[in-house]
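Worksheet: one structure, shown below.
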Amino acid sequence: MQARASRRRVGLLAVSWIAVLAVLTGGASLMTANGGDRSGVAAGPQTSDPPTAGAAPLLSVSLTFDGGRSSQREAARILADHQLRATFFVTSGFIGAAGFLNQEDLHSLAEQHHEIGGYTVTLADLTAVEPGEAQRQVCSDRAKLSEWGFKVTSFAYPFGASSPAAEEIVSGCGYNSARGQDRIRSPHSCESCAPAETVRPEDPFNTRATAEVGRDWTLQGLQQTVEQAEAAGGWLQLAFYDIDDSGSPLSISPALFEQFAAWLDARTAQGTMGVRTVHEVIGKVAKPVVPGATAPPAGPGVNALRNPGLETPGKYGLPECWQVAGYGENSSELATLAPGFRDGTSRRLDVTGYKSGDAKLLPVLDLGACAPSVTAGHTYSLRAWYQSTARTQFAVYYRNAMGDWQFWTASPYFPARTTYGQAVWETPPVPDGAEAISFGLNLFSDGQLATDDYEMYDTVGAPPPAQ
């Protein structure tokens with residue numbers, strides 16, 4: 001889809017709210033008295049007068065939505081009915097995929113005066129990846145959203161996972177703030193936490209927010225969270241995920257969200273609180289875009305894969321830099337075999353309940369730390385040792401310059417084996433625009449597939465396969 005031109009956003013705040021905004025931001029409000037956009041103007045003084053003695057403390061509420069989920073279209077509809085605006089943190093690499101918003105949705109949100117924020121390219125835990133990958137995930141995400149025409153100043157940490165190193169990366173990519181998670185008191189978590197963030201957060205790159213609102217929340221719980229923050233004054237960020245009737249842990253029904261939005265709408269009329277985007281609370285101008293660092297392809301004769309022997313453990317019981325992937329209707333589990341091939345550690349994929357699709361172990365679909373970079377037009381030799389109760393093949397994916405992963409091609413079938421043998425296949429030339437590939441042997445039936453000692457070489461300078 002072609003990137004669309006940047007769109008000017010026009011403020012909807014009522015004139016009566018301008019005085020409140022001035023107190024909350026010390027003159028750094030993005031709105032002028034006539035509602036015009038001042039987002040390109042430097043912030044004003046960094047001090048503010050205290051509220052009038054005896055007056056109720058002022059509260060800003062930010063409704064934030066994580067991941068760019070397609071169910072958030074329903075949230076946008078409800079917000080429009082009540083003239084409320086929100087911040088949508090999106091994973092740019094998933095935009096347009098099944099279950100997610102598309103670019104048209106994002107532009108529609110911007111036209112309704114919502115904020116588009118960053119959430120990494122592929123939903124990366126910044127505390128679990130190496131610094132180079134974290135920088136690519138954050139900077140490339142902001143660069144892509146900016147290219148699509150959005151002013152991107154606010155970030156949220158996927159899974160709420162942050163660290164001092166991650167904060168430095170987010171700041172270095174040009175963001176003005178970053179939202180944490182589960183650090184505000186709610187009926188469901190963090191009972192000892194503060195009821196609200198301060199108007200000017202002590203750490204703008206780890207601002208406090210609630211845990212994600214999910215199926216256990218009630219209207220009373222949402223109202224209680226706002227009321228206790230209103231009593232304290234400051235800033236309350238509520239984090240939402242799915243707005244649907246699925247009943248999943250991170251989902252609330254549209255009916256509940258409608259009730260809450262109507263209550264918020266009425267509550268703002270009391271004059272002690274307002275619903276604002278994260279950018280409106282933080283203020284500050286948008287900084288220049290910082291490109292993500294590139295990961296060059298491996299040199300001639302060098303195995304491009306990290307942890308090719310699957311020996312180094314990672315998170316969630318998986319080998320470091322590897323993931324289980326698949327599609328269709330089937331169940332899969334990954335077992336560890338020790339001793340395995342050549343007395344090392346092998347991994348066995350067990351597939352049961354097969355009806356459709358496949359399952360496979362392959363390098364993590366990231367931006368270069370694990371998925372090996374390639375050169376367009378080159379061919380690559382893919383290799384892995386395996387034994388299997390059913391036939392298998394290499395399934396190959398590629399990543400384009402926008403960070404999007406898609407299926408590319410598959411090898412011929414390799415037969416079932418009761419002893420280890422090496423599967424070897426040379427890819428076609430890498431398509432134009434492809435920057436990395438990921439591949440793995442798959443199972444597309446019930447069965448077991450044990451693999452080890454993966455290799456990937458540019459065919460120019462590649463060593464000969466094992467005999």
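Labeling convention for the structure tokens: chains A, B, ... as they appear, residues from 1 per chain, ligands from 1 in order of appearance.
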
Per-residue DSSP, segment 233-416 of chain A, filtered to strand (DSSP E or B), as a PyMOL selection string: chain A and resi 234-240+242-243+251-252+273-275+313+319+322-327+331-337+346-352+358-363+373+380-388+392+394-400+405-410+414

Who sits within 7 Å of segment 83-96 of chain A, only C-alpha atoms, same chain under 3 positions skipped, as a ChimeraX atom specification: /A:62-68,79-80,100-103,113-123,141,145,155-156,275-278,403-404

Output of the above residues as a compact mmCIF listing (two decimals), in the first residue's frame, restricted to N, CA and C atoms:
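See selection_7.txt below for the written result:
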```txt
# COMPACT_ATOMS: atom_id res chain seq x y z
N SER A 62 -5.51 9.31 30.08
CA SER A 62 -5.13 8.89 28.74
C SER A 62 -5.60 7.46 28.51
N LEU A 63 -6.43 7.28 27.51
CA LEU A 63 -6.87 5.95 27.10
C LEU A 63 -5.88 5.45 26.05
N THR A 64 -5.15 4.40 26.37
CA THR A 64 -4.13 3.89 25.45
C THR A 64 -4.49 2.48 25.02
N PHE A 65 -4.19 2.17 23.76
CA PHE A 65 -4.52 0.88 23.16
C PHE A 65 -3.26 0.26 22.57
N ASP A 66 -3.01 -0.98 22.91
CA ASP A 66 -1.75 -1.63 22.55
C ASP A 66 -1.89 -2.57 21.35
N GLY A 67 -0.88 -2.56 20.46
CA GLY A 67 -0.73 -3.61 19.47
C GLY A 67 -1.38 -3.38 18.13
N GLY A 68 -2.24 -2.37 17.97
CA GLY A 68 -2.90 -2.17 16.68
C GLY A 68 -3.86 -3.28 16.31
N LEU A 79 -15.37 5.82 20.93
CA LEU A 79 -14.72 7.08 21.30
C LEU A 79 -15.29 8.24 20.50
N ALA A 80 -15.55 8.02 19.21
CA ALA A 80 -16.10 9.07 18.37
C ALA A 80 -17.49 9.48 18.86
N PHE A 100 -5.27 -7.43 12.66
CA PHE A 100 -4.67 -6.15 13.00
C PHE A 100 -5.25 -5.04 12.13
N LEU A 101 -5.07 -3.82 12.58
CA LEU A 101 -5.47 -2.66 11.81
C LEU A 101 -4.64 -2.57 10.53
N ASN A 102 -5.13 -1.81 9.55
CA ASN A 102 -4.35 -1.55 8.35
C ASN A 102 -4.02 -0.06 8.26
N GLN A 103 -3.31 0.33 7.22
CA GLN A 103 -2.91 1.74 7.12
C GLN A 103 -4.11 2.67 7.01
N HIS A 113 -8.48 12.57 15.31
CA HIS A 113 -7.70 13.27 16.32
C HIS A 113 -7.12 12.35 17.39
N HIS A 114 -6.99 11.06 17.06
CA HIS A 114 -6.28 10.15 17.94
C HIS A 114 -4.78 10.19 17.62
N GLU A 115 -3.98 9.77 18.58
CA GLU A 115 -2.53 9.75 18.41
C GLU A 115 -2.07 8.35 18.01
N ILE A 116 -1.12 8.26 17.07
CA ILE A 116 -0.48 7.00 16.69
C ILE A 116 0.89 6.97 17.34
N GLY A 117 1.15 5.96 18.15
CA GLY A 117 2.43 5.81 18.84
C GLY A 117 3.12 4.52 18.45
N GLY A 118 4.36 4.37 18.87
CA GLY A 118 5.18 3.21 18.51
C GLY A 118 5.11 2.09 19.54
N TYR A 119 5.28 0.85 19.04
CA TYR A 119 5.20 -0.35 19.89
C TYR A 119 6.17 -1.41 19.42
N THR A 120 7.23 -1.02 18.71
CA THR A 120 8.23 -1.85 18.02
C THR A 120 7.66 -2.41 16.72
N VAL A 121 8.53 -2.93 15.88
CA VAL A 121 8.11 -3.47 14.58
C VAL A 121 7.40 -4.80 14.72
N THR A 122 7.95 -5.70 15.56
CA THR A 122 7.41 -7.07 15.63
C THR A 122 7.10 -7.49 17.06
N LEU A 123 6.65 -6.55 17.90
CA LEU A 123 6.28 -6.85 19.28
C LEU A 123 7.47 -7.46 20.04
N ASP A 141 10.55 1.14 13.70
CA ASP A 141 9.11 1.29 13.90
C ASP A 141 8.70 2.75 13.76
N LEU A 145 6.33 4.45 10.73
CA LEU A 145 5.10 5.19 11.02
C LEU A 145 5.22 6.64 10.53
N PHE A 155 5.85 6.28 22.86
CA PHE A 155 6.17 4.85 22.72
C PHE A 155 5.63 4.11 23.93
N ALA A 156 5.34 2.83 23.76
CA ALA A 156 4.98 1.96 24.87
C ALA A 156 5.80 0.68 24.77
N VAL A 275 -9.89 14.00 29.21
CA VAL A 275 -9.30 12.85 28.50
C VAL A 275 -8.41 13.40 27.40
N ARG A 276 -7.13 13.03 27.44
CA ARG A 276 -6.14 13.60 26.54
C ARG A 276 -5.21 12.51 26.04
N THR A 277 -4.60 12.70 24.88
CA THR A 277 -3.60 11.75 24.39
C THR A 277 -2.32 11.88 25.19
N VAL A 278 -1.46 10.90 25.08
CA VAL A 278 -0.17 10.94 25.76
C VAL A 278 0.64 12.14 25.27
N GLY A 403 10.04 -4.23 7.14
CA GLY A 403 10.01 -5.07 8.33
C GLY A 403 8.93 -6.13 8.31
N ASP A 404 8.24 -6.29 7.17
CA ASP A 404 7.16 -7.26 7.05
C ASP A 404 7.71 -8.62 6.65
```

List the spatial neighbours of Gln406 of chain A as a ChimeraX atom specification - criterion: any atom at most 12 Å away, only C-alpha atoms, same-chain residues fewer than 2 positions off excluded. /A:93-94,97,365,395-404,408-409,431,434-439

Export, as a PDB file, in the first residue's frame, the selected residues with N, CA, C and O atoms.
```pdb
ATOM      1  N   GLY A  93       5.050  -3.688  11.974  1.00  0.00           N
ATOM      2  CA  GLY A  93       5.265  -4.862  11.140  1.00  0.00           C
ATOM      3  C   GLY A  93       4.044  -5.740  10.996  1.00  0.00           C
ATOM      4  O   GLY A  93       3.988  -6.589  10.105  1.00  0.00           O
ATOM      5  N   PHE A  94       3.034  -5.551  11.864  1.00  0.00           N
ATOM      6  CA  PHE A  94       1.811  -6.359  11.799  1.00  0.00           C
ATOM      7  C   PHE A  94       0.657  -5.625  11.121  1.00  0.00           C
ATOM      8  O   PHE A  94      -0.396  -6.224  10.886  1.00  0.00           O
ATOM      9  N   ALA A  97      -1.947  -7.176   8.586  1.00  0.00           N
ATOM     10  CA  ALA A  97      -2.060  -8.625   8.746  1.00  0.00           C
ATOM     11  C   ALA A  97      -3.417  -8.978   9.340  1.00  0.00           C
ATOM     12  O   ALA A  97      -4.124  -8.125   9.890  1.00  0.00           O
ATOM     13  N   LEU A 365      11.772 -14.433  13.751  1.00  0.00           N
ATOM     14  CA  LEU A 365      11.447 -13.468  12.703  1.00  0.00           C
ATOM     15  C   LEU A 365      11.635 -12.053  13.252  1.00  0.00           C
ATOM     16  O   LEU A 365      10.680 -11.377  13.629  1.00  0.00           O
ATOM     17  N   ALA A 395      10.645 -24.744   4.776  1.00  0.00           N
ATOM     18  CA  ALA A 395       9.734 -23.623   4.520  1.00  0.00           C
ATOM     19  C   ALA A 395      10.531 -22.348   4.733  1.00  0.00           C
ATOM     20  O   ALA A 395      11.213 -22.195   5.754  1.00  0.00           O
ATOM     21  N   VAL A 396      10.483 -21.422   3.769  1.00  0.00           N
ATOM     22  CA  VAL A 396      11.349 -20.244   3.781  1.00  0.00           C
ATOM     23  C   VAL A 396      10.512 -18.968   3.740  1.00  0.00           C
ATOM     24  O   VAL A 396       9.570 -18.850   2.953  1.00  0.00           O
ATOM     25  N   TYR A 397      10.880 -18.014   4.599  1.00  0.00           N
ATOM     26  CA  TYR A 397      10.213 -16.730   4.689  1.00  0.00           C
ATOM     27  C   TYR A 397      11.227 -15.628   4.433  1.00  0.00           C
ATOM     28  O   TYR A 397      12.426 -15.817   4.658  1.00  0.00           O
ATOM     29  N   TYR A 398      10.744 -14.460   3.986  1.00  0.00           N
ATOM     30  CA  TYR A 398      11.659 -13.320   3.852  1.00  0.00           C
ATOM     31  C   TYR A 398      11.041 -12.066   4.445  1.00  0.00           C
ATOM     32  O   TYR A 398       9.832 -11.930   4.555  1.00  0.00           O
ATOM     33  N   ARG A 399      11.939 -11.153   4.836  1.00  0.00           N
ATOM     34  CA  ARG A 399      11.543  -9.867   5.393  1.00  0.00           C
ATOM     35  C   ARG A 399      11.899  -8.765   4.415  1.00  0.00           C
ATOM     36  O   ARG A 399      13.020  -8.749   3.865  1.00  0.00           O
ATOM     37  N   ASN A 400      10.962  -7.847   4.178  1.00  0.00           N
ATOM     38  CA  ASN A 400      11.251  -6.743   3.270  1.00  0.00           C
ATOM     39  C   ASN A 400      11.755  -5.521   4.033  1.00  0.00           C
ATOM     40  O   ASN A 400      11.910  -5.549   5.255  1.00  0.00           O
ATOM     41  N   ALA A 401      11.997  -4.446   3.302  1.00  0.00           N
ATOM     42  CA  ALA A 401      12.582  -3.242   3.910  1.00  0.00           C
ATOM     43  C   ALA A 401      11.665  -2.597   4.922  1.00  0.00           C
ATOM     44  O   ALA A 401      12.124  -1.847   5.793  1.00  0.00           O
ATOM     45  N   MET A 402      10.356  -2.868   4.851  1.00  0.00           N
ATOM     46  CA  MET A 402       9.406  -2.296   5.796  1.00  0.00           C
ATOM     47  C   MET A 402       9.310  -3.115   7.076  1.00  0.00           C
ATOM     48  O   MET A 402       8.568  -2.772   7.995  1.00  0.00           O
ATOM     49  N   GLY A 403      10.043  -4.232   7.140  1.00  0.00           N
ATOM     50  CA  GLY A 403      10.011  -5.071   8.328  1.00  0.00           C
ATOM     51  C   GLY A 403       8.933  -6.132   8.305  1.00  0.00           C
ATOM     52  O   GLY A 403       8.718  -6.818   9.304  1.00  0.00           O
ATOM     53  N   ASP A 404       8.243  -6.287   7.172  1.00  0.00           N
ATOM     54  CA  ASP A 404       7.163  -7.255   7.053  1.00  0.00           C
ATOM     55  C   ASP A 404       7.712  -8.619   6.645  1.00  0.00           C
ATOM     56  O   ASP A 404       8.498  -8.728   5.691  1.00  0.00           O
ATOM     57  N   TRP A 408       7.904 -17.170   1.401  1.00  0.00           N
ATOM     58  CA  TRP A 408       8.574 -17.033   0.112  1.00  0.00           C
ATOM     59  C   TRP A 408       8.455 -18.310  -0.717  1.00  0.00           C
ATOM     60  O   TRP A 408       7.837 -18.342  -1.768  1.00  0.00           O
ATOM     61  N   THR A 409       9.029 -19.404  -0.217  1.00  0.00           N
ATOM     62  CA  THR A 409       9.112 -20.609  -1.029  1.00  0.00           C
ATOM     63  C   THR A 409       9.341 -21.824  -0.132  1.00  0.00           C
ATOM     64  O   THR A 409       9.505 -21.686   1.079  1.00  0.00           O
ATOM     65  N   PRO A 431      14.445 -12.491  -3.778  1.00  0.00           N
ATOM     66  CA  PRO A 431      13.688 -11.452  -4.500  1.00  0.00           C
ATOM     67  C   PRO A 431      14.197 -10.041  -4.194  1.00  0.00           C
ATOM     68  O   PRO A 431      14.749  -9.775  -3.124  1.00  0.00           O
ATOM     69  N   ALA A 434      13.970  -8.012  -0.612  1.00  0.00           N
ATOM     70  CA  ALA A 434      14.125  -8.874   0.560  1.00  0.00           C
ATOM     71  C   ALA A 434      15.437  -8.551   1.256  1.00  0.00           C
ATOM     72  O   ALA A 434      16.479  -8.415   0.616  1.00  0.00           O
ATOM     73  N   GLU A 435      15.397  -8.453   2.595  1.00  0.00           N
ATOM     74  CA  GLU A 435      16.594  -8.099   3.356  1.00  0.00           C
ATOM     75  C   GLU A 435      17.062  -9.205   4.285  1.00  0.00           C
ATOM     76  O   GLU A 435      18.189  -9.162   4.764  1.00  0.00           O
ATOM     77  N   ALA A 436      16.207 -10.176   4.584  1.00  0.00           N
ATOM     78  CA  ALA A 436      16.578 -11.277   5.475  1.00  0.00           C
ATOM     79  C   ALA A 436      15.679 -12.463   5.160  1.00  0.00           C
ATOM     80  O   ALA A 436      14.592 -12.302   4.591  1.00  0.00           O
ATOM     81  N   ILE A 437      16.138 -13.664   5.545  1.00  0.00           N
ATOM     82  CA  ILE A 437      15.301 -14.847   5.401  1.00  0.00           C
ATOM     83  C   ILE A 437      15.327 -15.639   6.702  1.00  0.00           C
ATOM     84  O   ILE A 437      16.223 -15.481   7.541  1.00  0.00           O
ATOM     85  N   SER A 438      14.331 -16.487   6.868  1.00  0.00           N
ATOM     86  CA  SER A 438      14.274 -17.431   7.974  1.00  0.00           C
ATOM     87  C   SER A 438      13.700 -18.717   7.412  1.00  0.00           C
ATOM     88  O   SER A 438      12.835 -18.677   6.531  1.00  0.00           O
ATOM     89  N   PHE A 439      14.174 -19.836   7.903  1.00  0.00           N
ATOM     90  CA  PHE A 439      13.751 -21.106   7.326  1.00  0.00           C
ATOM     91  C   PHE A 439      13.770 -22.197   8.386  1.00  0.00           C
ATOM     92  O   PHE A 439      14.450 -22.089   9.413  1.00  0.00           O
TER      93      PHE A 439
END
```

Between A:Leu441, A:Leu362, A:Ile78, A:Ala232, which residue has the minimum interatomic distance to Ala196 of chain A, considering only C-alpha atoms? A:Ala232

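Across the structure, atom CA of Glu191 of chain A and atom CA of Leu59 of chain A are spaced 20.1 Å apart.
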
All alpha helix (DSSP H) residues (DSSP, backbone) inside segment 150-260 of chain A, as a VMD selection string: chain A and resid 164 to 172 219 to 232 254 to 260

Just checking: using only C-alpha atoms, which residue out of A:Ala239, A:Ala423, A:Ala269, A:Ala293 ends up closest to Val138 of chain A? A:Ala293

Got a sec: who's within 8 Å of Gly421 of chain A, counting only C-alpha atoms, leaving out chain neighbours fewer than 5 positions off, as a short mmCIF file (atom, residue, chain, number, x, y, z; two decimals) with N, CA, C and O atoms, in the first residue's frame?
```cif
data_model
loop_
_atom_site.label_atom_id
_atom_site.label_comp_id
_atom_site.auth_asym_id
_atom_site.auth_seq_id
_atom_site.Cartn_x
_atom_site.Cartn_y
_atom_site.Cartn_z
N TRP A 385 20.52 -31.18 9.93
CA TRP A 385 20.49 -32.61 10.20
C TRP A 385 19.14 -32.94 10.86
O TRP A 385 18.66 -32.20 11.73
N TYR A 386 18.55 -34.07 10.44
CA TYR A 386 17.22 -34.38 10.95
C TYR A 386 16.98 -35.88 10.95
O TYR A 386 17.62 -36.65 10.24
N GLN A 387 16.04 -36.30 11.79
CA GLN A 387 15.38 -37.60 11.66
C GLN A 387 13.90 -37.37 11.93
O GLN A 387 13.53 -36.53 12.75
#
```

Please provide as a compact mmCIF listing (two decimals) with N, CA and C atoms, in the first residue's frame all residues within 12 Å of Ala229 of chain A, with the sequence filter that same-chain residues fewer than 6 positions apart are discarded (counting only C-alpha atoms).
```
# COMPACT_ATOMS: atom_id res chain seq x y z
N ALA A 56 -10.55 21.28 43.60
CA ALA A 56 -10.24 19.86 43.43
C ALA A 56 -8.99 19.72 42.56
N PRO A 57 -8.12 18.75 42.85
CA PRO A 57 -6.94 18.56 42.01
C PRO A 57 -7.36 18.16 40.59
N LEU A 58 -6.54 18.54 39.62
CA LEU A 58 -6.84 18.27 38.21
C LEU A 58 -6.27 16.94 37.79
N LEU A 59 -6.96 16.25 36.90
CA LEU A 59 -6.55 14.93 36.43
C LEU A 59 -6.64 14.87 34.92
N SER A 60 -5.59 14.33 34.28
CA SER A 60 -5.64 13.96 32.88
C SER A 60 -5.75 12.45 32.80
N VAL A 61 -6.68 11.94 31.99
CA VAL A 61 -6.82 10.52 31.74
C VAL A 61 -6.43 10.25 30.29
N SER A 62 -5.51 9.31 30.08
CA SER A 62 -5.13 8.89 28.74
C SER A 62 -5.60 7.46 28.51
N ILE A 184 0.38 1.37 38.36
CA ILE A 184 -0.66 2.22 38.94
C ILE A 184 -1.66 1.32 39.65
N ARG A 185 -2.11 1.74 40.82
CA ARG A 185 -3.04 0.95 41.61
C ARG A 185 -4.36 0.74 40.86
N SER A 186 -4.84 -0.49 40.88
CA SER A 186 -6.14 -0.80 40.31
C SER A 186 -6.78 -1.89 41.16
N CYS A 193 0.84 0.49 44.76
CA CYS A 193 1.30 1.52 43.83
C CYS A 193 0.54 2.83 44.03
N ALA A 194 1.07 3.88 43.46
CA ALA A 194 0.41 5.18 43.49
C ALA A 194 -0.86 5.14 42.66
N PRO A 195 -1.85 5.99 42.97
CA PRO A 195 -3.09 6.00 42.21
C PRO A 195 -2.96 6.72 40.86
N ALA A 196 -1.89 7.49 40.68
CA ALA A 196 -1.73 8.25 39.43
C ALA A 196 -0.27 8.60 39.23
N GLU A 197 0.09 8.84 38.01
CA GLU A 197 1.39 9.39 37.65
C GLU A 197 1.36 10.89 37.91
N THR A 198 2.52 11.48 38.17
CA THR A 198 2.59 12.93 38.31
C THR A 198 2.41 13.58 36.94
N VAL A 199 1.99 14.85 36.95
CA VAL A 199 1.77 15.56 35.69
C VAL A 199 3.05 15.58 34.86
N ALA A 209 1.52 3.33 34.32
CA ALA A 209 0.19 3.05 33.77
C ALA A 209 -0.38 1.84 34.50
N THR A 210 -1.66 1.59 34.28
CA THR A 210 -2.27 0.39 34.85
C THR A 210 -1.79 -0.85 34.11
N LEU A 222 -13.21 0.12 36.71
CA LEU A 222 -12.69 1.20 35.89
C LEU A 222 -13.00 2.55 36.53
N GLN A 223 -14.22 2.71 36.99
CA GLN A 223 -14.59 3.97 37.63
C GLN A 223 -13.79 4.21 38.90
N TRP A 235 -1.96 12.32 36.50
CA TRP A 235 -2.16 11.74 35.17
C TRP A 235 -2.41 10.25 35.33
N LEU A 236 -3.46 9.75 34.71
CA LEU A 236 -3.80 8.33 34.75
C LEU A 236 -3.78 7.78 33.33
N GLN A 237 -2.93 6.76 33.09
CA GLN A 237 -2.93 6.05 31.82
C GLN A 237 -3.58 4.68 32.00
N LEU A 238 -4.64 4.43 31.26
CA LEU A 238 -5.30 3.13 31.25
C LEU A 238 -4.88 2.40 29.98
N THR A 272 -12.93 18.82 36.61
CA THR A 272 -11.71 18.47 37.35
C THR A 272 -10.88 17.42 36.62
N MET A 273 -11.31 16.99 35.44
CA MET A 273 -10.53 16.00 34.68
C MET A 273 -10.82 16.16 33.20
```

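Shortest atom-to-atom contact with Ala335 of chain A among A:Ser189, A:Thr207, A:Ser171, A:Gln448: A:Gln448, counting only C-alpha atoms.
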
Surrounding residues of Leu310 of chain A excluding itself and chain neighbours under 4 positions, 10 Å, only C-alpha atoms, as a short mmCIF file (atom, residue, chain, number, x, y, z; two decimals) with N, CA, C and O atoms, in the first residue's frame:
```cif
data_model
loop_
_atom_site.label_atom_id
_atom_site.label_comp_id
_atom_site.auth_asym_id
_atom_site.auth_seq_id
_atom_site.Cartn_x
_atom_site.Cartn_y
_atom_site.Cartn_z
N ARG A 306 22.77 -17.88 14.06
CA ARG A 306 23.19 -17.83 15.45
C ARG A 306 22.62 -19.04 16.17
O ARG A 306 21.50 -19.47 15.93
N GLY A 314 17.29 -20.24 25.55
CA GLY A 314 16.71 -18.91 25.58
C GLY A 314 15.51 -18.88 26.52
O GLY A 314 15.43 -19.68 27.46
N LEU A 318 12.80 -22.38 24.79
CA LEU A 318 13.24 -22.42 23.39
C LEU A 318 14.74 -22.19 23.30
O LEU A 318 15.33 -21.56 24.17
N PRO A 319 15.38 -22.68 22.24
CA PRO A 319 16.80 -22.32 22.04
C PRO A 319 16.90 -20.82 21.74
O PRO A 319 16.02 -20.24 21.10
N GLU A 320 17.96 -20.21 22.21
CA GLU A 320 18.17 -18.79 21.93
C GLU A 320 18.15 -18.54 20.43
O GLU A 320 18.77 -19.27 19.66
N CYS A 321 17.42 -17.52 20.00
CA CYS A 321 17.32 -17.09 18.60
C CYS A 321 16.42 -17.98 17.74
O CYS A 321 16.38 -17.83 16.53
N TRP A 322 15.67 -18.89 18.37
CA TRP A 322 14.79 -19.77 17.60
C TRP A 322 13.37 -19.70 18.14
O TRP A 322 13.16 -19.43 19.32
N THR A 336 13.35 -31.34 24.27
CA THR A 336 14.81 -31.30 24.24
C THR A 336 15.35 -32.72 24.34
O THR A 336 14.95 -33.48 25.22
N GLY A 344 25.30 -34.00 21.33
CA GLY A 344 24.94 -32.66 21.78
C GLY A 344 23.46 -32.61 22.16
O GLY A 344 22.85 -33.62 22.51
N THR A 345 22.90 -31.41 22.08
CA THR A 345 21.48 -31.21 22.36
C THR A 345 20.73 -31.03 21.06
O THR A 345 21.07 -30.17 20.25
N SER A 346 19.73 -31.85 20.83
CA SER A 346 18.85 -31.70 19.67
C SER A 346 17.47 -31.27 20.17
O SER A 346 17.16 -31.38 21.36
N ARG A 347 16.65 -30.80 19.25
CA ARG A 347 15.28 -30.43 19.57
C ARG A 347 14.32 -31.23 18.70
O ARG A 347 14.55 -31.39 17.50
N THR A 451 15.76 -32.15 14.97
CA THR A 451 16.70 -31.40 14.12
C THR A 451 17.88 -30.89 14.94
O THR A 451 17.79 -30.72 16.16
N ASP A 452 18.97 -30.61 14.23
CA ASP A 452 20.18 -30.09 14.87
C ASP A 452 21.12 -29.57 13.79
O ASP A 452 20.94 -29.83 12.60
N ASP A 453 22.12 -28.80 14.24
CA ASP A 453 23.22 -28.34 13.39
C ASP A 453 22.74 -27.74 12.07
O ASP A 453 23.01 -28.24 10.98
N TYR A 454 22.04 -26.60 12.19
CA TYR A 454 21.56 -25.87 11.01
C TYR A 454 22.72 -25.06 10.41
O TYR A 454 23.60 -24.57 11.11
#
```

Residue nearest Gln259 of chain A - candidates A:Ala98, A:Leu305, A:Ala211, A:Leu219, atoms counted: only C-alpha atoms: A:Leu219

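Within 10 Å of Glu258 of chain A, once only C-alpha atoms are used and residues closer than 2 positions along the same chain are dropped, the contacting residues are A:Glu74, A:Ala75, A:Arg77, A:Ile78, A:Leu79, A:Asp81, A:His82, A:Leu219, A:Ser253, A:Pro254, A:Ala255, A:Leu256, A:Phe260, A:Ala261, A:Ala262, A:Trp263, A:Leu264.
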
Preceding selection exported with C-alpha atoms as a compact mmCIF listing (two decimals), in the first residue's frame:
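again19.txt was written with the following content:
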```txt
# COMPACT_ATOMS: atom_id res chain seq x y z
CA GLU A 74 -14.85 -0.77 17.74
CA ALA A 75 -13.08 1.30 20.37
CA ARG A 77 -16.31 4.05 17.01
CA ILE A 78 -17.26 4.33 20.66
CA LEU A 79 -14.72 7.08 21.30
CA ASP A 81 -19.62 8.81 19.79
CA HIS A 82 -18.39 10.50 22.98
CA LEU A 219 -17.35 -0.85 35.10
CA SER A 253 -16.65 -6.19 25.71
CA PRO A 254 -17.72 -3.25 23.55
CA ALA A 255 -20.73 -2.88 25.85
CA LEU A 256 -18.49 -2.37 28.88
CA PHE A 260 -17.10 3.49 30.59
CA ALA A 261 -16.73 6.00 27.74
CA ALA A 262 -20.17 7.44 28.49
CA TRP A 263 -19.24 7.77 32.16
CA LEU A 264 -15.95 9.48 31.28
```

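Shortest atom-to-atom contact with Asp182 of chain A among A:Ala134, A:Ala304, A:Val152, A:Val213: A:Val213, counting only C-alpha atoms.
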